[in-house]
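Colleague: Please find one structure pasted underneath; my questions will follow.
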Amino acid sequence: MTPVTWNPTQMYEHRKHHLLPWRAFRRRAQRHLLWALLILLAVLSVGTLGYAFVGGLQPIDAFLNASMILSGMGPVDKMDNTAAKVFAALYALLSGLVFVGVIGVALAPWVHRFFHWMHLDDPPEYE
């Protein structure tokens, strides 16, 4: 393995670099987890506000509906008007994509570390 130093401005270390020390890796994993939580909070806020203003629900009911849709459980309250139904459908589609994306953001450092660790003993490639 070539002892190339890792540049902290890069997202991940190159395959020719050494495995990142645990302390730095934990910071990376915590940053990814924080980003995942911020994304969830933002999408949950959009859903809560949408259900409250478009769907006419009380704030606590809007929060419940938004969190149930975001978690994949399904809606709690029935939407009465067309605008609310369209919002609920679009929010459900967005939530499905966000859920998959957030899992990817949270697991990315772990998956990268695993693959990097698996390839530590690979012979050098010819350039």
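How things are named: the first chain in the structure tokens is A, the next is B, and so on; residues count from 1 in each chain; ligands count from 1 in the order shown.
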Taking the DSSP assignment computed from this structure's backbone, write out as an NGL selection string all residues of region 14-101 of chain A that belong to alpha helix (DSSP H).
Modeller: :A and (22-53 or 59-71 or 82-101)
Colleague: Quick one: pull the distance between CA of Trp117 (chain A) and CA of Leu19 (chain A), Å, one decimal.
Modeller: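 So the answer is 6.8 Å.
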Colleague: Residues within 6 Å of region 84-89 of chain A, please, as a VMD selection string. Count only C-alpha atoms; anything in the same chain fewer than 5 positions from it doesn't count.
Modeller: chain A and resid 54 to 55 79
Colleague: For region 95-105 of chain A, please output as a PyMOL selection string all residues within 7 Å (counting only C-alpha atoms; exclusion window: fewer than 4 positions along the same chain).
Modeller: chain A and resi 32+36+69-70+91
Colleague: Record the distance separating CA of Asn65 (chain A) and CA of Ala83 (chain A), expressed in Å with one decimal.
Modeller: 15.8 Å
Colleague: If we count only C-alpha atoms, what is near Trp35 (chain A) at a cut-off of 9 Å, once residues fewer than 4 positions away on the same chain are taken out, given as an MDAnalysis selection string?
Modeller: chainID A and resid 30:31 39:40 102 105:106
